[in-house]
file protein-v8.cif (mmCIF, C-alpha atoms)
data_target
#
loop_
_atom_site.label_atom_id
_atom_site.label_comp_id
_atom_site.auth_asym_id
_atom_site.auth_seq_id
_atom_site.Cartn_x
_atom_site.Cartn_y
_atom_site.Cartn_z
CA MET A 42 114.78 72.89 93.96
CA SER A 43 116.56 74.74 96.76
CA LYS A 44 115.18 74.57 100.29
CA LEU A 45 114.57 78.35 100.38
CA ILE A 46 112.45 78.34 97.19
CA ASN A 47 110.60 75.22 98.34
CA ASN A 48 109.76 76.88 101.68
CA PHE A 49 108.56 79.98 99.81
CA PHE A 50 106.15 77.95 97.71
CA LYS A 51 104.91 76.03 100.76
CA SER A 52 104.23 79.23 102.74
CA SER A 53 102.54 80.81 99.70
CA ILE A 54 100.24 77.80 99.22
CA ILE A 55 99.41 77.64 102.96
CA GLY A 56 98.72 81.40 102.92
CA SER A 57 96.36 81.06 99.94
CA ILE A 58 94.45 78.17 101.54
CA SER A 59 94.16 80.15 104.81
CA LEU A 60 92.75 83.13 102.88
CA ILE A 61 90.24 80.87 101.11
CA ILE A 62 88.97 79.68 104.52
CA PHE A 63 88.95 83.27 105.83
CA GLY A 64 87.06 84.49 102.74
CA ILE A 65 84.41 81.77 103.15
CA LEU A 66 83.97 82.71 106.82
CA MET A 67 83.52 86.38 105.88
CA ILE A 68 80.84 85.44 103.35
CA VAL A 69 78.95 82.87 105.46
CA GLN A 70 79.46 84.35 108.95
CA SER A 71 79.89 88.07 108.19
CA GLU A 72 78.70 89.52 111.49
CA ALA A 73 80.49 86.96 113.66
CA THR A 74 83.72 87.49 111.67
CA ILE A 75 83.58 91.29 112.15
CA MET A 76 83.00 90.89 115.89
CA THR A 77 85.80 88.32 116.29
CA ILE A 78 88.36 90.38 114.32
CA SER A 79 87.43 93.54 116.23
CA TYR A 80 87.70 91.86 119.64
CA ILE A 81 91.06 90.29 118.74
CA ILE A 82 92.51 93.59 117.47
CA GLY A 83 91.02 95.53 120.39
CA GLY A 84 92.34 93.00 122.91
CA LEU A 85 95.83 93.06 121.37
CA LEU A 86 95.93 96.88 121.47
CA ILE A 87 94.85 96.94 125.12
CA ALA A 88 97.47 94.30 126.00
CA LEU A 89 100.23 96.23 124.16
CA GLY A 90 99.13 99.45 125.87
CA ALA A 91 99.12 97.84 129.31
CA ILE A 92 102.63 96.40 128.77
CA SER A 93 103.90 99.83 127.68
CA ILE A 94 102.37 101.53 130.76
CA LEU A 95 103.91 98.88 133.05
CA LYS A 96 107.32 99.50 131.45
CA PHE A 97 106.91 103.21 132.18
CA PHE A 98 106.27 102.61 135.89
CA GLN A 99 109.11 100.07 136.09
CA LYS A 100 111.54 102.66 134.71
CA ILE A 101 110.08 105.64 136.62
CA THR A 102 113.07 105.81 139.00
CA LYS A 103 115.64 105.15 136.27
CA GLU A 104 117.42 107.61 134.01
CA ASN A 105 116.46 105.74 130.82
CA ARG A 106 112.69 106.02 131.38
CA SER A 107 110.73 107.41 128.45
CA ASP A 108 107.52 109.43 128.65
CA LEU A 109 106.66 107.98 125.23
CA ASP A 110 105.96 104.62 126.88
CA MET A 111 103.08 106.18 128.83
CA VAL A 112 101.73 108.09 125.80
CA TYR A 113 101.97 105.02 123.53
CA GLY A 114 100.35 102.84 126.20
CA LEU A 115 97.41 105.18 126.77
CA VAL A 116 96.79 105.61 123.02
CA CYS A 117 96.81 101.83 122.49
CA VAL A 118 94.44 101.20 125.42
CA ILE A 119 92.00 103.92 124.27
CA LEU A 120 92.03 102.64 120.67
CA GLY A 121 91.50 99.07 121.88
CA ILE A 122 88.50 100.08 124.00
CA LEU A 123 87.00 102.10 121.10
CA ILE A 124 87.35 99.15 118.69
CA ILE A 125 85.76 96.70 121.14
CA ASP A 126 82.98 99.21 121.90
CA ASN A 127 82.30 99.75 118.17
CA PRO A 128 83.35 96.49 116.43
CA TYR A 129 81.81 97.42 113.07
CA ALA A 130 84.21 100.36 112.69
CA ILE A 131 87.06 97.94 111.94
CA ALA A 132 85.13 96.70 108.86
CA SER A 133 86.10 99.88 106.98
CA VAL A 134 89.81 99.39 107.75
CA ILE A 135 90.10 95.71 106.77
CA PRO A 136 89.56 96.24 103.00
CA PHE A 137 92.32 98.88 102.81
CA ILE A 138 94.91 96.70 104.58
CA LEU A 139 93.97 93.59 102.59
CA GLY A 140 93.98 95.60 99.36
CA LEU A 141 97.56 96.75 99.97
CA ILE A 142 98.72 93.19 100.76
CA ILE A 143 97.04 91.84 97.61
CA ILE A 144 98.58 94.54 95.36
CA ILE A 145 102.10 94.03 96.74
CA ASN A 146 101.87 90.24 96.33
CA SER A 147 100.35 90.51 92.85
CA ALA A 148 102.99 93.02 91.71
CA THR A 149 105.70 90.47 92.58
CA LYS A 150 104.03 87.81 90.43
CA LEU A 151 103.43 90.33 87.64
CA GLN A 152 107.16 91.03 87.58
CA TYR A 153 107.79 87.29 87.38
CA SER A 154 105.51 87.08 84.32
CA PHE A 155 107.81 89.54 82.52
CA GLU A 156 110.76 87.29 83.36
CA LEU A 157 108.88 84.36 81.83
CA LYS A 158 108.22 86.45 78.73
CA LYS A 159 111.94 87.17 78.34
CA GLU A 160 112.60 83.43 78.51
CA LYS A 161 109.87 82.90 75.84
CA ASN A 162 107.90 80.71 78.23
CA ASP A 163 104.20 80.30 77.28
CA LEU A 164 103.17 80.49 80.95
CA TRP A 165 103.85 84.25 81.04
CA ILE A 166 100.42 85.09 79.56
CA SER A 167 98.36 83.18 82.15
CA THR A 168 100.61 84.41 84.99
CA MET A 169 100.24 88.03 83.83
CA LEU A 170 96.44 87.80 83.44
CA LEU A 171 96.01 86.30 86.92
CA SER A 172 98.28 88.98 88.41
CA ILE A 173 96.34 91.82 86.70
CA ILE A 174 93.00 90.44 87.95
CA MET A 175 94.45 90.22 91.50
CA VAL A 176 95.73 93.82 91.27
CA ILE A 177 92.22 94.95 90.23
CA CYS A 178 90.72 93.11 93.23
CA GLY A 179 93.22 94.82 95.56
CA THR A 180 92.52 98.27 94.06
CA VAL A 181 88.75 97.86 94.46
CA LEU A 182 89.25 96.90 98.11
CA ILE A 183 91.43 99.98 98.76
CA PHE A 184 88.93 102.44 97.27
CA ASN A 185 86.11 100.59 99.08
CA PRO A 186 82.95 101.74 97.24
CA PHE A 187 80.68 99.58 99.43
CA LYS A 188 78.40 100.67 102.27
CA GLY A 189 77.23 98.80 105.37
CA ALA A 190 79.49 96.75 107.61
CA VAL A 191 77.90 93.32 107.09
CA LEU A 192 77.46 93.82 103.32
CA LEU A 193 81.01 95.15 103.11
CA THR A 194 82.35 92.11 104.98
CA ARG A 195 80.57 89.74 102.58
CA LEU A 196 81.89 91.58 99.52
CA VAL A 197 85.40 91.68 100.99
CA GLY A 198 85.06 87.94 101.63
CA ILE A 199 84.14 87.38 97.96
CA PHE A 200 87.17 89.41 96.80
CA ILE A 201 89.46 87.56 99.22
CA LEU A 202 88.12 84.22 97.99
CA ILE A 203 88.67 85.19 94.32
CA TYR A 204 92.15 86.51 95.10
CA ALA A 205 93.14 83.46 97.15
CA ILE A 206 92.02 81.00 94.45
CA LEU A 207 93.84 82.98 91.72
CA ASP A 208 96.92 83.31 93.93
CA LEU A 209 96.92 79.56 94.58
CA ILE A 210 96.66 78.82 90.83
CA SER A 211 99.41 81.35 90.07
CA THR A 212 101.73 79.86 92.73
CA LEU A 213 101.16 76.32 91.43
CA VAL A 214 101.89 77.48 87.85
CA ILE A 215 105.12 79.19 88.93
CA LYS A 216 106.10 76.15 91.06
CA SER A 217 105.54 73.85 88.08
CA ASN A 218 107.73 76.08 85.92
CA PHE A 219 110.49 76.12 88.55
CA ASN A 220 110.37 72.33 88.74
CA LYS A 221 110.80 72.04 84.97
CA ILE A 222 113.76 74.44 84.99
CA HIS A 223 115.32 72.65 87.96
CA ASP A 224 114.92 69.23 86.30
CA ALA A 225 116.42 70.54 83.06
CA ILE A 226 119.44 71.95 84.93
CA GLU A 227 119.95 68.67 86.82
CA GLU A 228 119.73 66.68 83.57
CA GLY A 229 122.27 69.01 81.96
CA VAL A 230 124.65 68.59 84.90
CA LYS A 231 124.33 64.79 84.75
CA GLU A 232 125.04 64.77 81.00
CA ALA A 233 128.05 67.02 81.53
CA ASP A 234 129.34 64.66 84.24
CA ILE A 235 128.91 61.64 81.91
CA VAL A 236 130.78 63.41 79.08
CA GLU A 237 133.55 64.46 81.47
CA GLU A 238 133.82 60.90 82.80
CA ARG A 239 134.11 59.54 79.24
CA ASP A 240 136.79 62.09 78.38
CA ASN A 241 138.75 61.15 81.50
CA LYS A 242 138.53 57.45 80.59
CA LYS A 243 139.75 58.16 77.05
CA LYS A 244 142.64 60.20 78.40
CA SER A 245 143.62 57.45 80.86
CA LYS A 246 143.49 54.82 78.10
CA GLY A 247 145.61 57.03 75.85
CA LYS A 248 148.22 57.39 78.57
CA GLU A 249 148.31 53.59 79.10
CA LYS A 250 148.85 52.99 75.35
CA ASN A 251 151.72 55.51 75.27
CA LYS A 252 153.38 53.68 78.11
#
call {"tool": "encode", "arguments": {"input": "protein-v8.cif", "output": "structure tokens"}}
result
Amino acid sequence: MSKLINNFFKSSIIGSISLIIFGILMIVQSEATIMTISYIIGGLLIALGAISILKFFQKITKENRSDLDMVYGLVCVILGILIIDNPYAIASVIPFILGLIIIINSATKLQYSFELKKEKNDLWISTMLLSIIMVICGTVLIFNPFKGAVLLTRLVGIFILIYAILDLISTLVIKSNFNKIHDAIEEGVKEADIVEERDNKKKSKGKEKNK
């Protein structure tokens, strides 16, 4: 298996395991998770805003200064303060973002299931079913029919946990299939090399006899 594909599978597996841990935290420690996420996002926005405002003042005497730096900085700082002041507000945004990520990732694996079907590989059915379930999870998160920040966080955690487990299974199934294909190709190459070596030996023997 090529290094690029191997790295892809490793990052996908690590990502799934990280989401499983994150999902469990959202279920068990819902309120603490909301507060932590909100403070991190709010802090990052304030930091980005402050950097942008500093850039504006550094360039104030230069021709290439941009008023957008000040506007962008102020907007980021205000948003950051609002999020930290009202941490539960971020709970309504998280499902939408996670839903989009889940749908995009699942759509990629759904496409791969069609490729397996073309190759008449039996794994295409399980891969397709897992992908469809993950797409449904992502869609539910986007439309967000739940109410209440803590309840919402727990339900989002459950969906993330389901998605992460299914995604991990799907990745392992695809990885196993890639390994089989890779091994078959390597075996074919070895057989071809053996046949070529035999042909070369026969040709060399034939030349020696003619001499």
call {"tool": "residues_around", "arguments": {"input": "protein-v8.cif", "residues": "stretch 115-128 of chain A", "least_positions_apart": "5", "cutoff": "9 Å", "atoms": "all atoms listed in the file", "output": "PyMOL selection string"}}
result
chain A and resi 75-91+93-94+110
call {"tool": "closest_residue", "arguments": {"input": "protein-v8.cif", "among": "A:Gly140, A:Leu207, A:Lys216, A:Ile145", "to": "A:Thr180", "atoms": "all atoms listed in the file"}}
result
A:Gly140
call {"tool": "atom_distance", "arguments": {"input": "protein-v8.cif", "atom1": "atom CA of A:Val69", "atom2": "atom CA of A:Val197"}}
result
11.8 Å
call {"tool": "atom_distance", "arguments": {"input": "protein-v8.cif", "atom1": "atom CA of A:Leu164", "atom2": "atom CA of A:Ser59"}}
result
25.5 Å
call {"tool": "residues_around", "arguments": {"input": "protein-v8.cif", "residues": "A:Ile54", "least_positions_apart": "6", "cutoff": "9 Å", "atoms": "all atoms listed in the file", "output": "list of chain:residue names"}}
result
A:Asp208, A:Leu209, A:Thr212, A:Leu213
call {"tool": "closest_residue", "arguments": {"input": "protein-v8.cif", "among": "A:Ser147, A:Gly179, A:Phe184, A:Ser133", "to": "A:Ile201", "atoms": "only C-alpha atoms"}}
result
A:Gly179
call {"tool": "resolve_selection", "arguments": {"input": "protein-v8.cif", "expression": "the PyMOL selection byres ((chain A and resi 173) around 12)", "output": "ChimeraX atom specification"}}
result
/A:143-152,154,166-172,174-180,204,207-208,211
call {"tool": "closest_residue", "arguments": {"input": "protein-v8.cif", "among": "A:Phe50, A:Phe97, A:Ile65, A:Ile55", "to": "A:Ile203", "atoms": "all atoms listed in the file"}}
result
A:Ile65
call {"tool": "closest_residue", "arguments": {"input": "protein-v8.cif", "among": "A:Leu109, A:Leu66, A:Leu141, A:Ala205", "to": "A:Ile183", "atoms": "all atoms listed in the file"}}
result
A:Leu141
call {"tool": "closest_residue", "arguments": {"input": "protein-v8.cif", "among": "A:Phe98, A:Phe137, A:Asn218, A:Ala130", "to": "A:Asn162", "atoms": "only C-alpha atoms"}}
result
A:Asn218
call {"tool": "atom_distance", "arguments": {"input": "protein-v8.cif", "atom1": "atom CA of A:Met111", "atom2": "atom CA of A:Gln99"}}
result
11.2 Å
call {"tool": "decode", "arguments": {"input": "protein-v8.cif", "residues": "stretch 64-98 of chain A", "atoms": "C-alpha atoms", "output": "compact mmCIF listing (two decimals), in the first residue's frame"}}
result
# COMPACT_ATOMS: atom_id res chain seq x y z
CA GLY A 64 -19.00 12.14 21.72
CA ILE A 65 -18.65 10.39 25.09
CA LEU A 66 -17.61 13.68 26.72
CA MET A 67 -20.64 15.45 25.23
CA ILE A 68 -22.94 12.75 26.63
CA VAL A 69 -21.36 12.41 30.09
CA GLN A 70 -20.18 16.00 30.66
CA SER A 71 -22.63 18.00 28.53
CA GLU A 72 -22.54 21.31 30.39
CA ALA A 73 -18.77 21.30 30.92
CA THR A 74 -18.23 20.45 27.23
CA ILE A 75 -20.44 23.37 26.07
CA MET A 76 -18.60 25.79 28.36
CA THR A 77 -15.14 24.55 27.29
CA ILE A 78 -15.94 24.70 23.54
CA SER A 79 -17.46 28.17 23.91
CA TYR A 80 -14.50 29.55 25.88
CA ILE A 81 -12.01 28.08 23.38
CA ILE A 82 -13.87 29.51 20.36
CA GLY A 83 -14.45 32.84 22.10
CA GLY A 84 -10.80 33.07 23.15
CA LEU A 85 -9.58 32.26 19.63
CA LEU A 86 -11.84 34.92 18.11
CA ILE A 87 -10.64 37.55 20.58
CA ALA A 88 -7.00 36.60 19.90
CA LEU A 89 -7.52 36.79 16.10
CA GLY A 90 -9.30 40.13 16.49
CA ALA A 91 -6.52 41.55 18.67
CA ILE A 92 -3.85 40.45 16.16
CA SER A 93 -5.79 42.08 13.31
CA ILE A 94 -6.17 45.36 15.25
CA LEU A 95 -2.43 45.36 16.07
CA LYS A 96 -1.64 44.87 12.37
CA PHE A 97 -3.82 47.89 11.58
CA PHE A 98 -1.90 50.14 13.99
